[in-house]
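S.K.: Just one file: target.cif, with mmCIF, C-alpha atoms, pLDDT in the B column; chains and numbers go by the auth columns.
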```cif
data_target
loop_
_atom_site.group_PDB
_atom_site.id
_atom_site.type_symbol
_atom_site.label_atom_id
_atom_site.label_comp_id
_atom_site.label_asym_id
_atom_site.label_seq_id
_atom_site.Cartn_x
_atom_site.Cartn_y
_atom_site.Cartn_z
_atom_site.B_iso_or_equiv
_atom_site.auth_seq_id
_atom_site.auth_asym_id
ATOM 1 C CA MET A 1 0.000 0.000 0.000 79.00 1 A
ATOM 2 C CA GLU A 2 1.351 3.400 -0.985 94.00 2 A
ATOM 3 C CA GLU A 3 2.145 5.846 1.823 91.00 3 A
ATOM 4 C CA LEU A 4 -0.718 8.221 0.948 92.00 4 A
ATOM 5 C CA GLU A 5 -3.180 5.337 0.692 95.00 5 A
ATOM 6 C CA ARG A 6 -1.945 4.016 4.020 95.00 6 A
ATOM 7 C CA THR A 7 -2.405 7.423 5.658 95.00 7 A
ATOM 8 C CA LEU A 8 -5.946 7.726 4.295 95.00 8 A
ATOM 9 C CA TYR A 9 -6.731 4.194 5.471 96.00 9 A
ATOM 10 C CA ILE A 10 -5.423 4.872 8.994 97.00 10 A
ATOM 11 C CA ASN A 11 -7.372 8.142 9.127 97.00 11 A
ATOM 12 C CA LYS A 12 -10.534 6.268 8.111 96.00 12 A
ATOM 13 C CA LEU A 13 -9.994 3.644 10.804 97.00 13 A
ATOM 14 C CA PHE A 14 -9.147 6.356 13.330 98.00 14 A
ATOM 15 C CA ALA A 15 -12.422 8.160 12.575 96.00 15 A
ATOM 16 C CA ILE A 16 -14.336 4.938 13.212 96.00 16 A
ATOM 17 C CA TYR A 17 -12.403 3.298 16.056 97.00 17 A
ATOM 18 C CA GLY A 18 -10.323 6.122 17.526 97.00 18 A
ATOM 19 C CA GLY A 19 -12.551 6.312 20.578 97.00 19 A
ATOM 20 C CA LEU A 20 -11.367 2.835 21.557 97.00 20 A
ATOM 21 C CA LEU A 21 -7.728 3.904 21.874 98.00 21 A
ATOM 22 C CA THR A 22 -6.063 5.276 24.987 97.00 22 A
ATOM 23 C CA ASP A 23 -6.018 9.071 25.262 97.00 23 A
ATOM 24 C CA THR A 24 -2.275 9.071 24.606 97.00 24 A
ATOM 25 C CA GLN A 25 -2.628 6.932 21.489 97.00 25 A
ATOM 26 C CA LYS A 26 -5.526 9.081 20.246 98.00 26 A
ATOM 27 C CA ASN A 27 -3.603 12.310 20.688 98.00 27 A
ATOM 28 C CA ILE A 28 -0.371 11.039 19.175 98.00 28 A
ATOM 29 C CA ILE A 29 -2.077 9.386 16.199 98.00 29 A
ATOM 30 C CA SER A 30 -4.058 12.574 15.625 97.00 30 A
ATOM 31 C CA ASP A 31 -0.855 14.638 15.729 97.00 31 A
ATOM 32 C CA TYR A 32 0.898 12.282 13.340 97.00 32 A
ATOM 33 C CA TYR A 33 -1.810 11.355 10.818 95.00 33 A
ATOM 34 C CA GLU A 34 -4.167 14.331 10.953 93.00 34 A
ATOM 35 C CA LEU A 35 -1.800 17.202 11.747 95.00 35 A
ATOM 36 C CA ASN A 36 1.149 15.649 9.876 94.00 36 A
ATOM 37 C CA LEU A 37 3.607 16.385 12.689 97.00 37 A
ATOM 38 C CA SER A 38 6.908 14.512 12.705 97.00 38 A
ATOM 39 C CA LEU A 39 7.860 12.069 15.448 97.00 39 A
ATOM 40 C CA SER A 40 10.384 14.609 16.734 98.00 40 A
ATOM 41 C CA GLU A 41 7.800 17.412 16.847 98.00 41 A
ATOM 42 C CA ILE A 42 5.314 15.243 18.711 98.00 42 A
ATOM 43 C CA ALA A 43 7.994 14.050 21.146 98.00 43 A
ATOM 44 C CA GLU A 44 9.119 17.610 21.835 98.00 44 A
ATOM 45 C CA ASN A 45 5.533 18.872 22.309 97.00 45 A
ATOM 46 C CA ARG A 46 4.751 16.054 24.752 97.00 46 A
ATOM 47 C CA GLY A 47 8.070 15.912 26.554 97.00 47 A
ATOM 48 C CA VAL A 48 8.662 12.265 25.691 97.00 48 A
ATOM 49 C CA SER A 49 11.179 10.387 23.583 97.00 49 A
ATOM 50 C CA ARG A 50 10.849 9.869 19.866 98.00 50 A
ATOM 51 C CA ALA A 51 10.817 6.122 20.578 98.00 51 A
ATOM 52 C CA ALA A 52 7.816 6.535 22.891 98.00 52 A
ATOM 53 C CA VAL A 53 5.930 8.391 20.150 98.00 53 A
ATOM 54 C CA ASP A 54 6.823 5.743 17.575 98.00 54 A
ATOM 55 C CA ASP A 55 5.711 3.005 19.981 98.00 55 A
ATOM 56 C CA ALA A 56 2.365 4.722 20.667 98.00 56 A
ATOM 57 C CA ILE A 57 1.727 5.087 16.928 98.00 57 A
ATOM 58 C CA LYS A 58 2.601 1.466 16.168 98.00 58 A
ATOM 59 C CA LYS A 59 0.483 0.105 19.020 98.00 59 A
ATOM 60 C CA GLY A 60 -2.425 2.426 18.231 98.00 60 A
ATOM 61 C CA VAL A 61 -2.413 1.575 14.524 98.00 61 A
ATOM 62 C CA LYS A 62 -2.189 -2.118 15.356 98.00 62 A
ATOM 63 C CA LYS A 63 -5.295 -1.748 17.562 98.00 63 A
ATOM 64 C CA LEU A 64 -7.178 0.137 14.827 98.00 64 A
ATOM 65 C CA GLU A 65 -6.362 -2.587 12.313 98.00 65 A
ATOM 66 C CA TYR A 66 -7.367 -5.273 14.809 98.00 66 A
ATOM 67 C CA TYR A 67 -10.735 -3.616 15.433 98.00 67 A
ATOM 68 C CA GLU A 68 -11.380 -3.435 11.695 98.00 68 A
ATOM 69 C CA GLU A 69 -10.306 -7.051 11.226 97.00 69 A
ATOM 70 C CA VAL A 70 -12.769 -8.175 13.898 97.00 70 A
ATOM 71 C CA LEU A 71 -15.657 -5.741 13.372 97.00 71 A
ATOM 72 C CA LYS A 72 -15.270 -5.028 9.627 97.00 72 A
ATOM 73 C CA TYR A 73 -17.280 -1.808 9.912 95.00 73 A
ATOM 74 C CA SER A 74 -15.215 0.151 7.390 95.00 74 A
ATOM 75 C CA LYS A 75 -15.309 -2.632 4.803 94.00 75 A
ATOM 76 C CA THR A 76 -19.036 -3.172 5.279 95.00 76 A
ATOM 77 C CA LYS A 77 -19.695 0.556 5.050 93.00 77 A
ATOM 78 C CA GLU A 78 -17.822 0.756 1.732 93.00 78 A
ATOM 79 C CA GLU A 79 -19.802 -2.180 0.354 95.00 79 A
ATOM 80 C CA ILE A 80 -23.088 -0.568 1.399 95.00 80 A
ATOM 81 C CA PHE A 81 -22.088 2.719 -0.288 93.00 81 A
ATOM 82 C CA LYS A 82 -21.270 0.831 -3.519 94.00 82 A
ATOM 83 C CA LYS A 83 -24.631 -0.941 -3.481 94.00 83 A
ATOM 84 C CA LEU A 84 -26.501 2.276 -2.762 94.00 84 A
ATOM 85 C CA ALA A 85 -24.670 3.998 -5.625 93.00 85 A
ATOM 86 C CA LYS A 86 -25.663 1.153 -7.942 93.00 86 A
ATOM 87 C CA ILE A 87 -29.306 1.453 -6.873 93.00 87 A
ATOM 88 C CA GLY A 88 -29.213 5.242 -7.282 91.00 88 A
ATOM 89 C CA LYS A 89 -27.675 4.940 -10.723 92.00 89 A
ATOM 90 C CA ASN A 90 -30.516 2.711 -11.869 89.00 90 A
ATOM 91 C CA THR A 91 -33.420 4.827 -10.652 90.00 91 A
ATOM 92 C CA GLU A 92 -34.824 8.281 -11.103 90.00 92 A
ATOM 93 C CA ASN A 93 -37.447 7.835 -8.399 91.00 93 A
ATOM 94 C CA ALA A 94 -37.054 10.848 -6.090 92.00 94 A
ATOM 95 C CA GLU A 95 -38.325 8.951 -3.048 93.00 95 A
ATOM 96 C CA ILE A 96 -35.791 6.153 -3.515 92.00 96 A
ATOM 97 C CA LEU A 97 -32.990 8.683 -4.094 92.00 97 A
ATOM 98 C CA LYS A 98 -33.965 10.453 -0.859 93.00 98 A
ATOM 99 C CA ILE A 99 -33.937 7.163 1.050 93.00 99 A
ATOM 100 C CA ILE A 100 -30.482 6.384 -0.359 93.00 100 A
ATOM 101 C CA LYS A 101 -29.250 9.796 0.781 92.00 101 A
ATOM 102 C CA ASP A 102 -30.752 9.267 4.248 94.00 102 A
ATOM 103 C CA VAL A 103 -29.064 5.860 4.600 93.00 103 A
ATOM 104 C CA GLU A 104 -25.714 7.308 3.450 91.00 104 A
ATOM 105 C CA ASP A 105 -26.046 10.053 6.053 92.00 105 A
ATOM 106 C CA LEU A 106 -26.624 7.434 8.754 89.00 106 A
ATOM 107 C CA LEU A 107 -23.424 5.642 7.843 85.00 107 A
#
```
Show me, as structure tokens, the structure contained in the file I just sent.

M.R.:
Amino acid sequence: MEELERTLYINKLFAIYGGLLTDTQKNIISDYYELNLSLSEIAENRGVSRAAVDDAIKKGVKKLEYYEEVLKYSKTKEEIFKKLAKIGKNTENAEILKIIKDVEDLL
């Protein structure tokens, strides 16, 4: 997986499962993946070692991937969006299109 794709994937998982991480992991992963701070910048801001930051990122990402592996919410959500798009493409019925939009908003 390309670095940009990997970053987008981690951000997607973080949006879904981030609440299940420790506060430290949440904050460090947010700094790294959302704010694009370097390990050194995060370490300096938090008063910890670069190794501690790297460890928190690795453990946090591993947890996010584990949650997705077990719960499969992200994968299921993508499949639902594809099916809804297919339905929407094959109809002009305004009521059905509104229902599709409502379901997408729920996801």

S.K.: Which of these, A:Ile28, A:Leu35, A:Val103, A:Leu64, has the shortest distance to Ala15 in chain A once you count all atoms listed in the file?

M.R.: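 Between A:Ile28, A:Leu35, A:Val103, A:Leu64, the residue approaching Ala15 in chain A most closely is A:Leu64.
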
S.K.: Compare A:Leu21, A:Glu5, A:Ile96, A:Glu79 by their minimum atom-to-atom distance to Tyr66 in chain A, counting all atoms listed in the file, and give me the closest one.

M.R.: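 The closest residue to Tyr66 in chain A is A:Leu21.
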
S.K.: Taking 6 positions as the minimum chain separation for residues in the same chain, which residues sit within 10 Å of Ile100 in chain A when counting only C-alpha atoms? Answer as number ranges by chain.

M.R.: A: 81, 83-85, 87-88, 94, 106

S.K.: Please put the answer as lines of an AutoDock Vina configuration file: centre and edge lengths, in Å with one decimal, of a box along x, y and z that encloses all listed atoms of range 27-30 of chain A plus 3 Å on each side.

M.R.:
```
center_x = -2.2
center_y = 11.0
center_z = 18.2
size_x = 9.7
size_y = 9.2
size_z = 11.1
```

S.K.: Give me, as a ChimeraX atom specification, all polymer residues having an atom no more than 10 Å from Ala43 in chain A, counting only C-alpha atoms and skipping those fewer than 5 positions away in the same chain.

M.R.: /A:28,37-38,48-54

S.K.: Determine the residue set returned by the PyMOL selection byres ((chain A and resi 60) around 8) for the present structure, and present it as a ChimeraX atom specification.

M.R.: /A:21,25-26,29,56-59,61-64

S.K.: I'd like the contact shell of Tyr33 in chain A - 8 Å cut-off, all atoms listed in the file, skipping same-chain residues fewer than 5 positions apart - returned as a list of chain:residue names.

M.R.: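 Near neighbours after the sequence-gap exclusion: A:Thr7, A:Ile10, A:Asn11.
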
S.K.: Measure the distance from CA of Tyr32 in chain A to CA of Glu104 in chain A in Å and round it to one decimal.

M.R.: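 Pair CA of Tyr32 in chain A / CA of Glu104 in chain A returns 28.8 Å.
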
S.K.: As a ChimeraX atom specification, please: the residues near Glu65 in chain A (cut-off 12 Å, all atoms listed in the file, same-chain neighbours under 5 positions excluded).

M.R.: /A:6,9-14,16-18,20-21,58-60,70-75

S.K.: Grab the CA of Ile42 in chain A to CA of Ser30 in chain A distance for me, in Å with one decimal place.

M.R.: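 Answer for the CA of Ile42 in chain A to CA of Ser30 in chain A separation: 10.2 Å.
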
S.K.: Calculate how many Å separate CA of Glu3 in chain A from CA of Tyr67 in chain A, rounding to one decimal.

M.R.: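 If I compute the distance from CA of Glu3 in chain A to CA of Tyr67 in chain A, I get 21.0 Å.
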